[in-house]
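In what follows, a structure is listed as structure tokens, so that the remarks can point back to it.
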Amino acid sequence: MRTTYRMRSGRFLGVLATGLILLGVAAITWALGAPRAVVGVFLMLGALVALAGLWIVARPPVVLRLRDDAIDVRGVKTVWTDVTEVGRVETTHGAALALRTKRPDDTVLLPLAWLAPKHVPVLETTLRDKLNAAHGYTIWDGTAPDPEPPAE
């Protein structure tokens, strides 16, 4: 099973807005009687930027892919058995999820501001469950197993 998380599309509305502004500048330069080449440049540039903005808002970049055997964060693929710890950390850009691995000084950060707020709790639960499954941990139900008979 594979689950994909994408960046919040709202982060890219500025690209679309920039394209629309450039189209407005093209209209103003045309109304002021600027040469056709100038109007054409603003028109083409505005149209390209607006189309790129529409594309990226409709299909934001992939941030995280969860697979049964591995996790892929921004192109860094790590198998679950190499992940030792997952937790929240504070960075200069706000809260992030830190995936610490067996490799020394290797921590993969995933800024939580990149994700839609409704996806964060689900992601944290899924990460905990996948990590527990990879290391053979189960949630304790409050009971203790029967004691082993003493060795003779």
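Identifiers in this document derive from the order of the structure tokens: chains are assigned A, B, ..., residues are numbered from 1 separately in each chain, and ligands are numbered from 1 in order of occurrence.
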
When DSSP is applied to the backbone of this structure, which of region 10-134 of chain A are assigned strand (DSSP E)? Write them out as a ChimeraX atom specification.
/A:62-66,70-73,76-79,83-91,94-101,107-111

Those in chain A with alpha helix (DSSP H) from DSSP, as a PyMOL selection string
chain A and resi 13-31+36-58+119-135

Closest-contact table, region 72-151 of chain A side, partner region 2-7 of chain A, 12 Å, counting only C-alpha atoms, as JSON lines:
{"residue": "A:Asp72", "atom": "CA", "partner": "A:Thr4", "partner_atom": "CA", "distance": 9.4}
{"residue": "A:Val73", "atom": "CA", "partner": "A:Tyr5", "partner_atom": "CA", "distance": 9.6}
{"residue": "A:Arg74", "atom": "CA", "partner": "A:Arg6", "partner_atom": "CA", "distance": 10.1}
{"residue": "A:Leu110", "atom": "CA", "partner": "A:Met7", "partner_atom": "CA", "distance": 10.7}
{"residue": "A:Pro111", "atom": "CA", "partner": "A:Met7", "partner_atom": "CA", "distance": 10.1}
{"residue": "A:Leu112", "atom": "CA", "partner": "A:Met7", "partner_atom": "CA", "distance": 9.6}
{"residue": "A:Ala113", "atom": "CA", "partner": "A:Met7", "partner_atom": "CA", "distance": 8.7}
{"residue": "A:Trp114", "atom": "CA", "partner": "A:Met7", "partner_atom": "CA", "distance": 5.1}
{"residue": "A:Leu115", "atom": "CA", "partner": "A:Met7", "partner_atom": "CA", "distance": 5.2}
{"residue": "A:Ala116", "atom": "CA", "partner": "A:Met7", "partner_atom": "CA", "distance": 7.3}
{"residue": "A:Pro117", "atom": "CA", "partner": "A:Met7", "partner_atom": "CA", "distance": 10.8}
{"residue": "A:Lys118", "atom": "CA", "partner": "A:Tyr5", "partner_atom": "CA", "distance": 11.6}
{"residue": "A:His119", "atom": "CA", "partner": "A:Tyr5", "partner_atom": "CA", "distance": 8.3}
{"residue": "A:Val120", "atom": "CA", "partner": "A:Tyr5", "partner_atom": "CA", "distance": 10.0}
{"residue": "A:Val122", "atom": "CA", "partner": "A:Tyr5", "partner_atom": "CA", "distance": 10.9}
{"residue": "A:Leu123", "atom": "CA", "partner": "A:Tyr5", "partner_atom": "CA", "distance": 8.8}
{"residue": "A:Thr126", "atom": "CA", "partner": "A:Thr3", "partner_atom": "CA", "distance": 9.9}
{"residue": "A:Leu127", "atom": "CA", "partner": "A:Thr3", "partner_atom": "CA", "distance": 11.2}
{"residue": "A:Lys130", "atom": "CA", "partner": "A:Arg2", "partner_atom": "CA", "distance": 11.9}

Using only C-alpha atoms: which of A:Pro150, A:Gly10, A:Gly24, A:Pro121 has the shortest distance to Gly53 (chain A):
A:Gly10

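Distance-wise, CA of Met44 (chain A) and CA of Gly19 (chain A) end up 9.7 Å apart.
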
Separation of CA of Leu20 (chain A) from CA of His93 (chain A) in Å
28.7 Å

Identify, on the basis of only C-alpha atoms, every residue whose closest approach to Leu51 (chain A) does not exceed 8 Å; exclude the query and any residue fewer than 3 positions from it along the same chain; express the result as a PyMOL selection string.
chain A and resi 16+19+47-48+54-55

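Take CA of Leu23 (chain A) and CA of Ala52 (chain A): the distance between them is 13.6 Å.
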
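With only C-alpha atoms as the atoms that count, the residue of A:Thr18, A:Asp82, A:Met1, A:Ser9 with the shortest distance to Asp106 (chain A) is A:Asp82.
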
For Ile21 (chain A), list every protein, DNA or RNA residue within 10 Å, evaluated using only C-alpha atoms, and leave out those in the same chain fewer than 6 positions away; present the list as a list of chain:residue names.
A:Val15, A:Ala27, A:Phe42, A:Gly46, A:Val49, A:Ala50

Could you write those residues out with N, CA and C atoms, as a short mmCIF file (atom, residue, chain, number, x, y, z; two decimals), in the first residue's frame?
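What follows is the written file result38.cif:
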data_model
loop_
_atom_site.label_atom_id
_atom_site.label_comp_id
_atom_site.auth_asym_id
_atom_site.auth_seq_id
_atom_site.Cartn_x
_atom_site.Cartn_y
_atom_site.Cartn_z
N VAL A 15 1.99 32.27 -7.28
CA VAL A 15 2.42 32.08 -8.67
C VAL A 15 1.28 32.45 -9.62
N ALA A 27 -2.38 44.41 -20.35
CA ALA A 27 -3.56 45.19 -20.72
C ALA A 27 -3.30 46.69 -20.57
N PHE A 42 4.66 40.86 -22.31
CA PHE A 42 3.91 40.78 -21.05
C PHE A 42 2.76 39.79 -21.15
N GLY A 46 2.80 36.56 -18.87
CA GLY A 46 1.67 36.45 -17.95
C GLY A 46 0.89 35.17 -18.15
N VAL A 49 3.03 32.15 -16.86
CA VAL A 49 3.09 32.10 -15.39
C VAL A 49 1.73 31.74 -14.80
N ALA A 50 0.66 32.27 -15.37
CA ALA A 50 -0.68 31.94 -14.87
C ALA A 50 -1.01 30.47 -15.10
#
